[in-house]
file target39.cif (mmCIF, C-alpha atoms)
data_upload
loop_
_atom_site.label_atom_id
_atom_site.label_comp_id
_atom_site.auth_asym_id
_atom_site.auth_seq_id
_atom_site.Cartn_x
_atom_site.Cartn_y
_atom_site.Cartn_z
CA MET A 1500 237.15 -56.95 241.72
CA ILE A 1501 239.84 -59.38 242.91
CA SER A 1502 242.52 -58.66 245.49
CA ARG A 1503 246.27 -59.21 245.25
CA ILE A 1504 248.64 -60.94 247.64
CA ASP A 1505 252.30 -60.15 247.02
CA LEU A 1506 254.69 -62.88 248.18
CA ARG A 1507 257.72 -61.65 246.23
CA GLY A 1508 259.58 -60.28 249.24
CA ASP A 1509 261.39 -62.48 251.72
CA ALA A 1510 261.70 -66.23 251.45
CA LEU A 1511 258.39 -68.04 251.70
CA PRO A 1512 257.50 -69.45 255.11
CA GLU A 1513 256.97 -73.18 255.50
CA GLY A 1514 253.92 -75.32 256.23
CA GLY A 1515 251.06 -73.75 258.14
CA ALA A 1516 252.65 -70.31 258.12
CA LEU A 1517 252.44 -70.26 254.32
CA ARG A 1518 248.90 -71.63 254.30
CA ASP A 1519 247.84 -68.85 256.64
CA LEU A 1520 248.91 -66.25 254.05
CA LEU A 1521 246.70 -67.71 251.34
CA PRO A 1522 243.01 -66.94 250.68
CA ARG A 1523 240.40 -69.38 251.93
CA ALA A 1524 236.62 -69.28 252.38
CA GLU A 1525 235.23 -69.40 255.90
CA PHE A 1526 233.23 -72.61 256.26
CA ASP A 1527 232.29 -73.34 259.88
CA VAL A 1528 230.95 -76.89 259.79
CA GLU A 1529 231.16 -77.15 263.58
CA ALA A 1530 228.71 -74.27 264.06
CA ALA A 1531 226.33 -75.79 261.52
CA LEU A 1532 226.57 -79.13 263.32
CA GLU A 1533 224.55 -77.87 266.26
CA LYS A 1534 221.73 -76.81 263.93
CA VAL A 1535 221.55 -80.08 262.01
CA ARG A 1536 221.69 -82.30 265.09
CA PRO A 1537 217.98 -81.89 266.01
CA ILE A 1538 216.97 -82.34 262.36
CA CYS A 1539 218.88 -85.60 262.13
CA GLU A 1540 217.43 -86.94 265.36
CA ASP A 1541 213.93 -85.90 264.33
CA VAL A 1542 214.31 -88.00 261.18
CA HIS A 1543 215.55 -90.84 263.36
CA HIS A 1544 212.44 -90.78 265.53
CA ARG A 1545 209.71 -89.75 263.08
CA GLY A 1546 211.01 -91.09 259.77
CA ASP A 1547 209.04 -90.14 256.66
CA ALA A 1548 206.77 -87.77 258.61
CA ALA A 1549 209.80 -85.64 259.47
CA LEU A 1550 211.01 -85.67 255.87
CA VAL A 1551 207.61 -84.46 254.66
CA GLU A 1552 207.58 -81.70 257.27
CA TYR A 1553 211.06 -80.49 256.37
CA ALA A 1554 210.23 -80.50 252.66
CA GLU A 1555 207.40 -78.09 253.40
CA LYS A 1556 209.54 -75.96 255.74
CA PHE A 1557 212.73 -75.73 253.68
CA ASP A 1558 211.59 -76.40 250.10
CA GLY A 1559 208.06 -75.08 250.09
CA VAL A 1560 206.51 -78.32 248.81
CA THR A 1561 204.02 -80.83 250.16
CA LEU A 1562 205.14 -84.38 249.46
CA GLU A 1563 202.72 -87.25 249.03
CA HIS A 1564 205.61 -89.71 248.93
CA VAL A 1565 209.31 -89.17 249.59
CA ARG A 1566 210.29 -91.75 246.96
CA VAL A 1567 210.08 -90.60 243.37
CA PRO A 1568 207.67 -92.81 241.31
CA ALA A 1569 209.21 -94.89 238.55
CA GLU A 1570 206.96 -93.22 235.98
CA ALA A 1571 208.42 -89.80 236.90
CA LEU A 1572 211.91 -91.07 236.08
CA ALA A 1573 210.74 -92.48 232.76
CA GLU A 1574 208.88 -89.29 231.88
CA ALA A 1575 211.89 -87.11 232.71
CA LEU A 1576 214.08 -89.16 230.38
CA GLU A 1577 211.48 -89.13 227.63
CA GLN A 1578 211.16 -85.34 227.78
CA LEU A 1579 214.90 -84.65 228.07
CA ASP A 1580 216.36 -82.37 225.41
CA PRO A 1581 218.11 -84.69 222.89
CA ALA A 1582 221.27 -82.56 222.97
CA VAL A 1583 221.41 -82.76 226.77
CA ARG A 1584 220.84 -86.51 226.61
CA ALA A 1585 223.66 -86.94 224.11
CA ALA A 1586 225.98 -84.89 226.33
CA LEU A 1587 225.04 -86.92 229.42
CA ASP A 1588 225.52 -90.17 227.50
CA GLU A 1589 229.00 -89.08 226.45
CA SER A 1590 229.87 -87.97 229.97
CA ILE A 1591 228.76 -91.36 231.30
CA ARG A 1592 230.70 -93.20 228.62
CA ARG A 1593 233.94 -91.39 229.37
CA ALA A 1594 233.51 -91.70 233.12
CA ARG A 1595 232.99 -95.46 232.77
CA ILE A 1596 236.22 -95.82 230.76
CA VAL A 1597 238.27 -94.16 233.49
CA HIS A 1598 236.53 -95.70 236.49
CA ARG A 1599 236.39 -99.21 235.05
CA ALA A 1600 240.18 -99.11 234.87
CA GLN A 1601 240.27 -98.44 238.63
CA ARG A 1602 238.76 -101.79 239.56
CA ARG A 1603 240.82 -103.79 242.05
CA SER A 1604 241.40 -107.54 241.99
CA SER A 1605 242.25 -109.81 244.89
CA HIS A 1606 245.93 -110.60 245.34
CA THR A 1607 247.55 -113.39 247.35
CA THR A 1608 251.06 -112.99 248.77
CA GLN A 1609 253.03 -115.97 250.05
CA VAL A 1610 254.77 -114.70 253.15
CA VAL A 1611 256.48 -118.01 253.95
CA PRO A 1612 255.95 -121.58 252.70
CA GLY A 1613 252.49 -122.49 253.96
CA GLY A 1614 251.61 -118.94 255.01
CA THR A 1615 249.67 -116.54 252.80
CA VAL A 1616 247.84 -113.24 253.10
CA THR A 1617 245.21 -112.43 250.50
CA GLU A 1618 243.88 -108.91 250.08
CA LYS A 1619 240.28 -109.16 248.91
CA TRP A 1620 238.36 -106.09 247.74
CA ILE A 1621 234.71 -106.05 248.77
CA PRO A 1622 232.31 -103.31 247.65
CA VAL A 1623 230.13 -101.45 250.12
CA GLN A 1624 226.71 -103.11 250.05
CA ARG A 1625 224.45 -100.04 249.96
CA VAL A 1626 225.25 -96.42 249.16
CA GLY A 1627 223.22 -93.23 249.37
CA LEU A 1628 224.18 -90.58 246.81
CA TYR A 1629 223.39 -86.89 247.14
CA ALA A 1630 222.81 -84.52 244.22
CA PRO A 1631 222.47 -80.82 245.13
CA GLY A 1632 219.52 -78.79 243.93
CA GLY A 1633 220.02 -75.24 245.13
CA ARG A 1634 221.27 -72.43 242.92
CA SER A 1635 222.03 -74.83 240.08
CA VAL A 1636 221.09 -78.30 238.93
CA TYR A 1637 223.90 -80.86 238.78
CA PRO A 1638 223.13 -83.96 236.73
CA SER A 1639 226.90 -84.22 236.31
CA SER A 1640 227.17 -84.93 240.04
CA VAL A 1641 224.76 -87.83 239.61
CA ILE A 1642 227.16 -89.29 237.05
CA MET A 1643 230.27 -88.65 239.13
CA ASN A 1644 228.80 -90.45 242.14
CA ALA A 1645 226.88 -93.26 240.47
CA VAL A 1646 229.47 -94.42 237.95
CA PRO A 1647 232.29 -95.25 240.41
CA ALA A 1648 229.79 -96.91 242.76
CA GLN A 1649 228.45 -99.04 239.91
CA GLU A 1650 231.92 -99.91 238.63
CA ALA A 1651 232.94 -100.89 242.17
CA GLY A 1652 230.08 -103.39 242.23
CA VAL A 1653 227.87 -101.73 244.85
CA GLU A 1654 224.68 -103.81 244.97
CA SER A 1655 222.20 -101.17 246.13
CA ILE A 1656 222.37 -97.51 245.08
CA ALA A 1657 219.86 -94.84 246.09
CA LEU A 1658 219.95 -91.11 245.37
CA ALA A 1659 218.44 -88.10 247.11
CA SER A 1660 217.97 -84.62 245.67
CA PRO A 1661 215.91 -81.71 247.01
CA PRO A 1662 212.26 -81.44 245.95
CA GLN A 1663 211.49 -78.48 243.71
CA ALA A 1664 208.23 -76.54 243.95
CA GLU A 1665 208.58 -75.67 240.27
CA PHE A 1666 208.38 -79.36 239.37
CA GLY A 1667 205.56 -80.45 241.59
CA GLY A 1668 207.70 -81.51 244.54
CA LEU A 1669 209.99 -83.73 242.48
CA PRO A 1670 213.74 -83.20 242.10
CA HIS A 1671 214.80 -81.34 238.96
CA PRO A 1672 213.81 -83.37 235.88
CA THR A 1673 217.37 -83.36 234.53
CA ILE A 1674 218.49 -85.03 237.76
CA LEU A 1675 215.76 -87.63 237.30
CA ALA A 1676 216.70 -88.16 233.66
CA ALA A 1677 220.36 -88.69 234.59
CA CYS A 1678 219.27 -91.30 237.15
CA ALA A 1679 217.21 -93.05 234.48
CA LEU A 1680 220.15 -93.08 232.07
CA LEU A 1681 222.33 -94.64 234.74
CA GLY A 1682 219.76 -97.19 235.84
CA VAL A 1683 219.43 -95.68 239.32
CA ASP A 1684 215.73 -96.24 240.00
CA GLU A 1685 215.63 -95.61 243.77
CA VAL A 1686 215.38 -91.83 244.04
CA TYR A 1687 214.11 -89.67 246.90
CA ALA A 1688 212.82 -86.10 246.90
CA VAL A 1689 214.76 -85.16 250.02
CA GLY A 1690 217.42 -82.50 250.48
CA GLY A 1691 219.86 -81.15 253.02
CA ALA A 1692 220.82 -82.69 256.34
CA GLN A 1693 217.57 -84.65 256.41
CA ALA A 1694 218.63 -86.59 253.31
CA VAL A 1695 221.86 -87.68 255.02
CA ALA A 1696 219.86 -88.63 258.12
CA MET A 1697 217.45 -90.66 255.98
CA PHE A 1698 220.33 -92.68 254.59
CA ALA A 1699 222.05 -93.01 257.97
CA TYR A 1700 219.04 -94.15 260.01
CA GLY A 1701 216.61 -95.38 257.37
CA THR A 1702 212.90 -94.56 257.34
CA GLU A 1703 209.69 -96.34 256.37
CA SER A 1704 210.44 -95.64 252.70
CA CYS A 1705 214.24 -95.87 252.62
CA ALA A 1706 216.51 -98.60 253.92
CA PRO A 1707 219.65 -97.38 255.73
CA ALA A 1708 222.87 -97.11 253.75
CA ASP A 1709 226.44 -98.00 254.67
CA MET A 1710 227.89 -94.90 253.03
CA VAL A 1711 226.82 -91.45 251.78
CA THR A 1712 228.66 -89.55 249.06
CA GLY A 1713 228.10 -86.45 247.02
CA PRO A 1714 228.60 -82.69 247.26
CA GLY A 1715 226.23 -80.38 249.08
CA ASN A 1716 225.95 -77.19 251.12
CA ILE A 1717 227.22 -76.62 254.64
CA TRP A 1718 224.20 -78.41 256.14
CA VAL A 1719 224.97 -81.54 254.16
CA ALA A 1720 228.62 -81.32 255.20
CA ALA A 1721 227.62 -80.90 258.85
CA ALA A 1722 225.29 -83.91 258.68
CA LYS A 1723 228.08 -85.99 257.19
CA ARG A 1724 230.29 -85.04 260.12
CA TYR A 1725 227.49 -85.88 262.55
CA PHE A 1726 227.15 -89.39 261.16
CA THR A 1727 230.85 -90.15 260.64
CA GLY A 1728 231.45 -93.50 262.31
CA ARG A 1729 227.88 -94.67 261.80
CA ILE A 1730 228.20 -94.43 258.02
CA GLY A 1731 231.09 -93.92 255.64
CA ILE A 1732 231.37 -90.59 253.85
CA ASP A 1733 233.46 -89.32 250.97
CA THR A 1734 234.33 -85.87 252.28
CA GLU A 1735 232.88 -82.80 253.95
CA ALA A 1736 232.64 -80.78 250.76
CA GLY A 1737 233.25 -77.07 251.18
CA PRO A 1738 232.98 -74.24 248.65
CA THR A 1739 234.45 -75.06 245.26
CA GLU A 1740 237.98 -73.88 244.41
CA ILE A 1741 240.17 -73.26 241.41
CA ALA A 1742 243.85 -72.37 241.57
CA ILE A 1743 245.85 -71.58 238.44
CA LEU A 1744 249.64 -71.64 238.35
CA ALA A 1745 250.62 -69.57 235.33
CA ASP A 1746 253.59 -67.78 233.81
CA SER A 1747 253.94 -65.15 231.09
CA THR A 1748 253.11 -67.69 228.37
CA ALA A 1749 249.55 -68.12 229.65
CA ASP A 1750 246.70 -66.48 227.78
CA PRO A 1751 244.90 -64.03 230.13
CA VAL A 1752 241.66 -64.65 228.24
CA HIS A 1753 241.83 -68.33 229.21
CA VAL A 1754 242.92 -67.60 232.76
CA ALA A 1755 240.12 -65.11 233.41
CA ALA A 1756 237.50 -67.36 231.83
CA ASP A 1757 238.57 -70.29 234.01
CA LEU A 1758 238.51 -68.21 237.20
CA ILE A 1759 235.00 -67.03 236.35
CA SER A 1760 233.87 -70.57 235.56
CA GLN A 1761 234.34 -71.57 239.19
CA ALA A 1762 233.15 -68.27 240.63
CA GLU A 1763 229.73 -68.79 239.05
CA HIS A 1764 229.06 -71.78 241.32
CA ASP A 1765 228.55 -69.86 244.52
CA PRO A 1766 229.38 -66.50 246.18
CA MET A 1767 231.76 -68.45 248.44
CA ALA A 1768 233.59 -70.10 245.53
CA ALA A 1769 237.35 -69.52 245.51
CA ALA A 1770 239.29 -68.36 242.45
CA VAL A 1771 243.07 -68.04 242.88
CA LEU A 1772 245.75 -67.17 240.33
CA VAL A 1773 249.38 -67.80 241.31
CA THR A 1774 251.86 -66.20 238.92
CA ASP A 1775 255.37 -64.80 238.65
CA SER A 1776 254.25 -62.42 235.89
CA GLU A 1777 253.09 -58.92 236.80
CA GLU A 1778 251.99 -58.49 233.18
CA LEU A 1779 249.78 -61.58 233.28
CA ALA A 1780 248.25 -60.45 236.57
CA ALA A 1781 247.34 -57.06 235.13
CA ALA A 1782 246.02 -58.54 231.89
CA THR A 1783 243.92 -61.06 233.81
CA GLU A 1784 242.41 -58.31 235.96
CA ALA A 1785 241.43 -56.43 232.81
CA GLU A 1786 239.96 -59.56 231.27
CA LEU A 1787 237.96 -60.30 234.39
CA LYS A 1788 236.21 -56.94 234.13
CA THR A 1789 235.42 -57.49 230.46
CA GLN A 1790 234.26 -61.08 230.73
CA VAL A 1791 232.28 -60.72 233.96
CA ALA A 1792 230.26 -57.89 232.42
CA ALA A 1793 229.21 -60.20 229.58
CA THR A 1794 228.20 -63.25 231.62
CA LYS A 1795 225.31 -64.46 233.78
CA HIS A 1796 225.01 -64.67 237.60
CA ILE A 1797 227.08 -61.51 238.02
CA GLU A 1798 225.71 -59.92 241.18
CA ASP A 1799 224.51 -63.00 243.05
CA ARG A 1800 227.54 -65.24 242.55
CA ILE A 1801 230.47 -64.17 240.40
CA VAL A 1802 231.29 -60.71 241.75
CA PRO A 1803 230.90 -61.74 245.42
CA ALA A 1804 233.09 -64.80 244.78
CA LEU A 1805 235.87 -62.90 243.01
CA ALA A 1806 235.78 -60.02 245.49
CA GLY A 1807 235.62 -62.26 248.54
CA LYS A 1808 238.50 -63.02 250.90
CA GLN A 1809 238.72 -66.52 249.40
CA SER A 1810 239.88 -65.25 245.98
CA ALA A 1811 243.08 -63.46 244.99
CA ILE A 1812 245.92 -63.06 242.54
CA VAL A 1813 249.05 -64.26 244.33
CA LEU A 1814 252.32 -62.85 243.00
CA VAL A 1815 255.46 -64.94 243.55
CA ARG A 1816 259.14 -64.43 242.73
CA ASP A 1817 259.36 -67.44 240.42
CA LEU A 1818 257.61 -70.65 239.51
CA GLU A 1819 259.51 -72.61 242.16
CA ASP A 1820 257.82 -70.44 244.78
CA GLY A 1821 254.62 -70.82 242.79
CA LEU A 1822 254.79 -74.59 243.21
CA LYS A 1823 255.29 -74.17 246.96
CA VAL A 1824 252.24 -71.91 247.11
CA VAL A 1825 249.91 -74.24 245.21
CA ASP A 1826 251.11 -77.21 247.26
CA ALA A 1827 250.40 -75.28 250.46
CA TYR A 1828 246.99 -74.27 249.12
CA GLY A 1829 245.99 -77.82 248.08
CA ALA A 1830 243.31 -76.78 245.59
CA GLU A 1831 240.29 -78.82 244.65
CA HIS A 1832 241.07 -77.99 241.01
CA LEU A 1833 244.56 -76.93 239.94
CA GLU A 1834 245.37 -75.73 236.44
CA ILE A 1835 248.98 -75.50 235.27
CA GLN A 1836 249.35 -72.96 232.48
CA THR A 1837 253.10 -72.59 232.09
CA ALA A 1838 255.60 -73.18 229.31
CA ASP A 1839 256.56 -76.51 230.90
CA ALA A 1840 253.09 -77.44 232.17
CA ALA A 1841 253.47 -81.22 232.12
CA ALA A 1842 256.76 -81.15 234.01
CA ARG A 1843 255.39 -78.70 236.57
CA ALA A 1844 252.22 -80.77 237.03
CA ASP A 1845 254.33 -83.85 237.72
CA ARG A 1846 255.90 -82.09 240.70
CA VAL A 1847 252.64 -81.06 242.36
CA ARG A 1848 251.89 -83.01 245.55
CA ASN A 1849 248.63 -81.51 246.79
CA ALA A 1850 245.61 -81.09 244.51
CA GLY A 1851 242.27 -82.79 244.03
CA ALA A 1852 242.75 -82.87 240.26
CA ILE A 1853 245.41 -81.31 238.04
CA PHE A 1854 244.64 -79.87 234.61
CA VAL A 1855 247.65 -79.58 232.33
CA GLY A 1856 248.12 -76.84 229.75
CA PRO A 1857 245.72 -74.52 227.93
CA TRP A 1858 243.51 -77.26 226.47
CA ALA A 1859 242.50 -78.98 229.72
CA PRO A 1860 240.31 -76.46 231.59
CA VAL A 1861 238.50 -77.39 234.79
CA SER A 1862 235.16 -77.25 232.95
CA LEU A 1863 236.29 -80.25 230.91
CA GLY A 1864 236.82 -82.19 234.13
CA ASP A 1865 233.43 -81.10 235.45
CA TYR A 1866 231.69 -82.87 232.60
CA CYS A 1867 233.52 -84.89 229.98
CA ALA A 1868 237.20 -85.53 230.73
CA GLY A 1869 236.38 -88.92 232.22
CA SER A 1870 237.88 -87.88 235.56
CA ASN A 1871 235.77 -87.45 238.69
CA HIS A 1872 234.73 -84.00 239.83
CA VAL A 1873 233.87 -84.92 243.43
CA LEU A 1874 237.12 -83.68 244.95
CA PRO A 1875 238.56 -82.59 248.32
CA THR A 1876 238.19 -78.91 249.20
CA GLY A 1877 239.46 -76.59 251.91
CA GLY A 1878 243.06 -77.80 251.65
CA CYS A 1879 242.07 -81.43 252.30
CA ALA A 1880 243.84 -82.46 249.09
CA CYS A 1881 247.01 -82.75 251.17
CA HIS A 1882 245.58 -85.92 252.74
CA SER A 1883 242.46 -86.93 250.81
CA SER A 1884 241.57 -88.06 247.30
CA GLY A 1885 238.68 -87.46 244.99
CA LEU A 1886 235.84 -89.92 244.59
CA SER A 1887 236.79 -93.11 242.75
CA VAL A 1888 235.99 -96.80 242.57
CA GLN A 1889 238.37 -97.22 245.50
CA SER A 1890 236.04 -95.04 247.63
CA PHE A 1891 233.41 -97.78 247.50
CA LEU A 1892 235.73 -100.74 248.15
CA ARG A 1893 237.02 -102.22 251.40
CA GLY A 1894 240.25 -104.14 251.48
CA VAL A 1895 240.02 -107.25 253.69
CA HIS A 1896 243.05 -109.38 254.56
CA ILE A 1897 242.53 -113.15 254.58
CA VAL A 1898 245.21 -114.94 256.56
CA ASP A 1899 245.83 -118.65 255.82
CA TYR A 1900 248.68 -120.52 257.62
CA THR A 1901 249.44 -124.24 257.86
CA ARG A 1902 250.44 -125.93 261.13
CA ASP A 1903 254.10 -125.95 260.17
CA ALA A 1904 254.06 -122.28 259.12
CA LEU A 1905 252.50 -121.28 262.44
CA ALA A 1906 254.94 -123.46 264.39
CA ASP A 1907 257.85 -121.75 262.68
CA VAL A 1908 256.85 -118.30 263.91
CA THR A 1909 255.23 -119.10 267.26
CA HIS A 1910 258.31 -118.21 269.34
CA HIS A 1911 258.37 -114.72 267.80
CA VAL A 1912 254.67 -114.18 268.50
CA VAL A 1913 255.06 -115.35 272.11
CA THR A 1914 258.08 -113.09 272.60
CA LEU A 1915 256.26 -110.03 271.27
CA ALA A 1916 253.12 -110.81 273.27
CA GLU A 1917 255.12 -111.04 276.47
CA ALA A 1918 256.99 -107.84 275.61
CA GLU A 1919 253.62 -106.09 275.42
CA ASP A 1920 252.42 -107.77 278.65
CA LEU A 1921 249.68 -109.61 276.77
CA PRO A 1922 250.50 -113.20 277.74
CA ALA A 1923 247.10 -114.56 276.63
CA HIS A 1924 248.04 -113.64 273.07
CA GLY A 1925 251.00 -115.97 273.27
CA ALA A 1926 248.94 -118.59 275.10
CA ALA A 1927 246.55 -118.73 272.14
CA LEU A 1928 249.43 -120.15 270.08
CA LYS A 1929 250.93 -122.31 272.84
CA ALA A 1930 247.56 -124.06 273.27
CA ARG A 1931 247.82 -125.35 269.71
CA PHE A 1932 251.13 -127.09 270.45
CA GLY A 1933 250.44 -128.62 273.84
CA TRP A 1934 251.57 -125.42 275.60
CA LYS A 1935 255.11 -125.91 274.36
CA VAL A 1936 256.70 -123.31 272.16
CA PRO A 1937 257.94 -125.05 269.01
CA GLY A 1938 261.66 -124.76 268.48
CA LYS A 1939 262.46 -124.29 272.17
#

call {"tool": "encode", "arguments": {"input": "target39.cif", "output": "structure tokens"}}
result
Amino acid sequence: MISRIDLRGDALPEGGALRDLLPRAEFDVEAALEKVRPICEDVHHRGDAALVEYAEKFDGVTLEHVRVPAEALAEALEQLDPAVRAALDESIRRARIVHRAQRRSSHTTQVVPGGTVTEKWIPVQRVGLYAPGGRSVYPSSVIMNAVPAQEAGVESIALASPPQAEFGGLPHPTILAACALLGVDEVYAVGGAQAVAMFAYGTESCAPADMVTGPGNIWVAAAKRYFTGRIGIDTEAGPTEIAILADSTADPVHVAADLISQAEHDPMAAAVLVTDSEELAAATEAELKTQVAATKHIEDRIVPALAGKQSAIVLVRDLEDGLKVVDAYGAEHLEIQTADAAARADRVRNAGAIFVGPWAPVSLGDYCAGSNHVLPTGGCACHSSGLSVQSFLRGVHIVDYTRDALADVTHHVVTLAEAEDLPAHGAALKARFGWKVPGK
């Protein structure tokens, strides 16, 4: 069901050579880009009419309006299962605690007497959020995108989610209910690349946004790449990933269950166990067979994901090599299930989020840990972070110098400008002092 990669032989290679030995899903955004380009430009030129046409073509629904009526949001919340509402409320509460603590305040630094630089944090003015609606419904993704944007102080927040034929052309009612709970009242029944194009260009119904965030399929990722530079994006989300670094103290029941929990997302989902214990590897393989047989989504998601080239049990000589492997892999979600889990977790450099010990599974982070589950995939954790309040803020430097403070440094500025053969830069300062360099 799941393959093995044995790295217990010679010393591990470094850098890219090690990454090349590790499993990874194929996710060709560049190829998809050529297919989404005409869709995006069609939305640019035809606006809502294009969105309606694509809803019929891709989603099998005929839209009267692309914007979801306010009464549909209210009705979805009213009809929401009380237990689901309570769970969403708790997820929102915990996410707010964590993200509110991420807020940034302006800070002024005195560089010299009379010369200061203030870093001011300004939220993005308008953001478009995307909530997937394919194989599964993800109200949790609504929370993970909306809460940090709200806590950052974003003034205008809109959300798009694919229309569902089963629900009369509206997005899934649980998505709508989550929006209502969060106070997000601008919602569009639009999916895929066309949703990103709607936010990037604007249409008759939807004003353009400055930024688009949220997970999606390869078409959404390709559209984000297409519009990079015109709008801000969080990341080009690829297939979800879990990596588990474990030793002989780990419980194979827990390990197998956690691997399966990510495999049920998608047939391209990656599930990787890195261990120095042959016994744990064998026990986990046995548990996978037992647990997979008793779960849902076996043939369409879980088995293809676990059997795919993106999933494997990686055997290493020791946990030091294990740390090198997980750092090279740069997992979206990394669990540490070792005897010294906290100490090991502290040494990890590359991961979207780290889950420490047996009582912090990835599923907790997906819903109710308070952390954000919109995380870098495809090894991007070596240079990118998960979604946070910071994602929606821009740091702007405000420079304030007095005449004396400028005079004191003018000769250095003139010298550097001339060294770079940019004499007009120096002249801009000389002009303020009668074309004489102070101090000379």

call {"tool": "residues_near_point", "arguments": {"input": "target39.cif", "point": "(232.5, -87.2, 242.4)", "cutoff": "6 Å", "atoms": "all atoms listed in the file", "output": "MDAnalysis selection string"}}
result
chainID A and resid 1643:1644 1871:1873 1886

call {"tool": "write_last_selection", "arguments": {"input": "target39.cif", "atoms": "C-alpha atoms", "output": "compact mmCIF listing (two decimals), in the frame of the given file"}}
result
# COMPACT_ATOMS: atom_id res chain seq x y z
CA MET A 1643 230.27 -88.65 239.13
CA ASN A 1644 228.80 -90.45 242.14
CA ASN A 1871 235.77 -87.45 238.69
CA HIS A 1872 234.73 -84.00 239.83
CA VAL A 1873 233.87 -84.92 243.43
CA LEU A 1886 235.84 -89.92 244.59

call {"tool": "resolve_selection", "arguments": {"input": "target39.cif", "expression": "the PyMOL selection byres ((chain A and resi 1744) around 12)", "output": "JSON, numbers by chain"}}
result
{"A": [1741, 1742, 1743, 1745, 1746, 1747, 1748, 1749, 1754, 1757, 1758, 1770, 1771, 1772, 1773, 1774, 1775, 1776, 1779, 1780, 1812, 1813, 1814, 1815, 1817, 1818, 1819, 1820, 1821, 1822, 1823, 1824, 1825, 1826, 1828, 1830, 1832, 1833, 1834, 1835, 1836, 1837, 1838, 1839, 1840, 1843, 1844, 1847, 1850, 1853, 1854, 1855, 1856, 1857]}

call {"tool": "write_last_selection", "arguments": {"input": "target39.cif", "atoms": "C-alpha atoms", "output": "short mmCIF file (atom, residue, chain, number, x, y, z; two decimals), keeping the file's coordinate frame"}}
result
data_model
loop_
_atom_site.label_atom_id
_atom_site.label_comp_id
_atom_site.auth_asym_id
_atom_site.auth_seq_id
_atom_site.Cartn_x
_atom_site.Cartn_y
_atom_site.Cartn_z
CA ILE A 1741 240.17 -73.26 241.41
CA ALA A 1742 243.85 -72.37 241.57
CA ILE A 1743 245.85 -71.58 238.44
CA ALA A 1745 250.62 -69.57 235.33
CA ASP A 1746 253.59 -67.78 233.81
CA SER A 1747 253.94 -65.15 231.09
CA THR A 1748 253.11 -67.69 228.37
CA ALA A 1749 249.55 -68.12 229.65
CA VAL A 1754 242.92 -67.60 232.76
CA ASP A 1757 238.57 -70.29 234.01
CA LEU A 1758 238.51 -68.21 237.20
CA ALA A 1770 239.29 -68.36 242.45
CA VAL A 1771 243.07 -68.04 242.88
CA LEU A 1772 245.75 -67.17 240.33
CA VAL A 1773 249.38 -67.80 241.31
CA THR A 1774 251.86 -66.20 238.92
CA ASP A 1775 255.37 -64.80 238.65
CA SER A 1776 254.25 -62.42 235.89
CA LEU A 1779 249.78 -61.58 233.28
CA ALA A 1780 248.25 -60.45 236.57
CA ILE A 1812 245.92 -63.06 242.54
CA VAL A 1813 249.05 -64.26 244.33
CA LEU A 1814 252.32 -62.85 243.00
CA VAL A 1815 255.46 -64.94 243.55
CA ASP A 1817 259.36 -67.44 240.42
CA LEU A 1818 257.61 -70.65 239.51
CA GLU A 1819 259.51 -72.61 242.16
CA ASP A 1820 257.82 -70.44 244.78
CA GLY A 1821 254.62 -70.82 242.79
CA LEU A 1822 254.79 -74.59 243.21
CA LYS A 1823 255.29 -74.17 246.96
CA VAL A 1824 252.24 -71.91 247.11
CA VAL A 1825 249.91 -74.24 245.21
CA ASP A 1826 251.11 -77.21 247.26
CA TYR A 1828 246.99 -74.27 249.12
CA ALA A 1830 243.31 -76.78 245.59
CA HIS A 1832 241.07 -77.99 241.01
CA LEU A 1833 244.56 -76.93 239.94
CA GLU A 1834 245.37 -75.73 236.44
CA ILE A 1835 248.98 -75.50 235.27
CA GLN A 1836 249.35 -72.96 232.48
CA THR A 1837 253.10 -72.59 232.09
CA ALA A 1838 255.60 -73.18 229.31
CA ASP A 1839 256.56 -76.51 230.90
CA ALA A 1840 253.09 -77.44 232.17
CA ARG A 1843 255.39 -78.70 236.57
CA ALA A 1844 252.22 -80.77 237.03
CA VAL A 1847 252.64 -81.06 242.36
CA ALA A 1850 245.61 -81.09 244.51
CA ILE A 1853 245.41 -81.31 238.04
CA PHE A 1854 244.64 -79.87 234.61
CA VAL A 1855 247.65 -79.58 232.33
CA GLY A 1856 248.12 -76.84 229.75
CA PRO A 1857 245.72 -74.52 227.93
#

call {"tool": "resolve_selection", "arguments": {"input": "target39.cif", "expression": "the PyMOL selection byres ((chain A and resi 1677-1692) around 6)", "output": "list of chain:residue names"}}
result
A:Val1565, A:Arg1566, A:Val1567, A:Leu1572, A:Pro1638, A:Ala1657, A:Leu1658, A:Ala1659, A:Ser1660, A:Pro1661, A:Pro1662, A:Leu1669, A:Pro1670, A:Ile1674, A:Leu1675, A:Ala1676, A:Gln1693, A:Ala1694, A:Val1695, A:Trp1718, A:Val1719, A:Ala1722

call {"tool": "residues_around", "arguments": {"input": "target39.cif", "residues": "A:Pro1738", "least_positions_apart": "6", "cutoff": "12 Å", "atoms": "all atoms listed in the file", "output": "number ranges by chain"}}
result
A: 1523-1528, 1714-1717, 1720, 1761-1770, 1804, 1809-1810, 1830-1832, 1873-1878

call {"tool": "closest_residue", "arguments": {"input": "target39.cif", "among": "A:Thr1901, A:Gly1869, A:Asp1907, A:Val1542", "to": "A:Ala1600", "atoms": "only C-alpha atoms"}}
result
A:Gly1869

call {"tool": "closest_atom_pairs", "arguments": {"input": "target39.cif", "of": "stretch 1501-1600 of chain A", "to": "stretch 1782-1785 of chain A", "cutoff": "12 Å", "atoms": "all atoms listed in the file", "output": "Markdown table"}}
result
| residue | atom | partner | partner_atom | distance |
| --- | --- | --- | --- | --- |
| A:Ile1501 | CA | A:Glu1784 | CA | 7.5 |
| A:Ser1502 | CA | A:Glu1784 | CA | 9.5 |
| A:Arg1503 | CA | A:Glu1784 | CA | 10.1 |
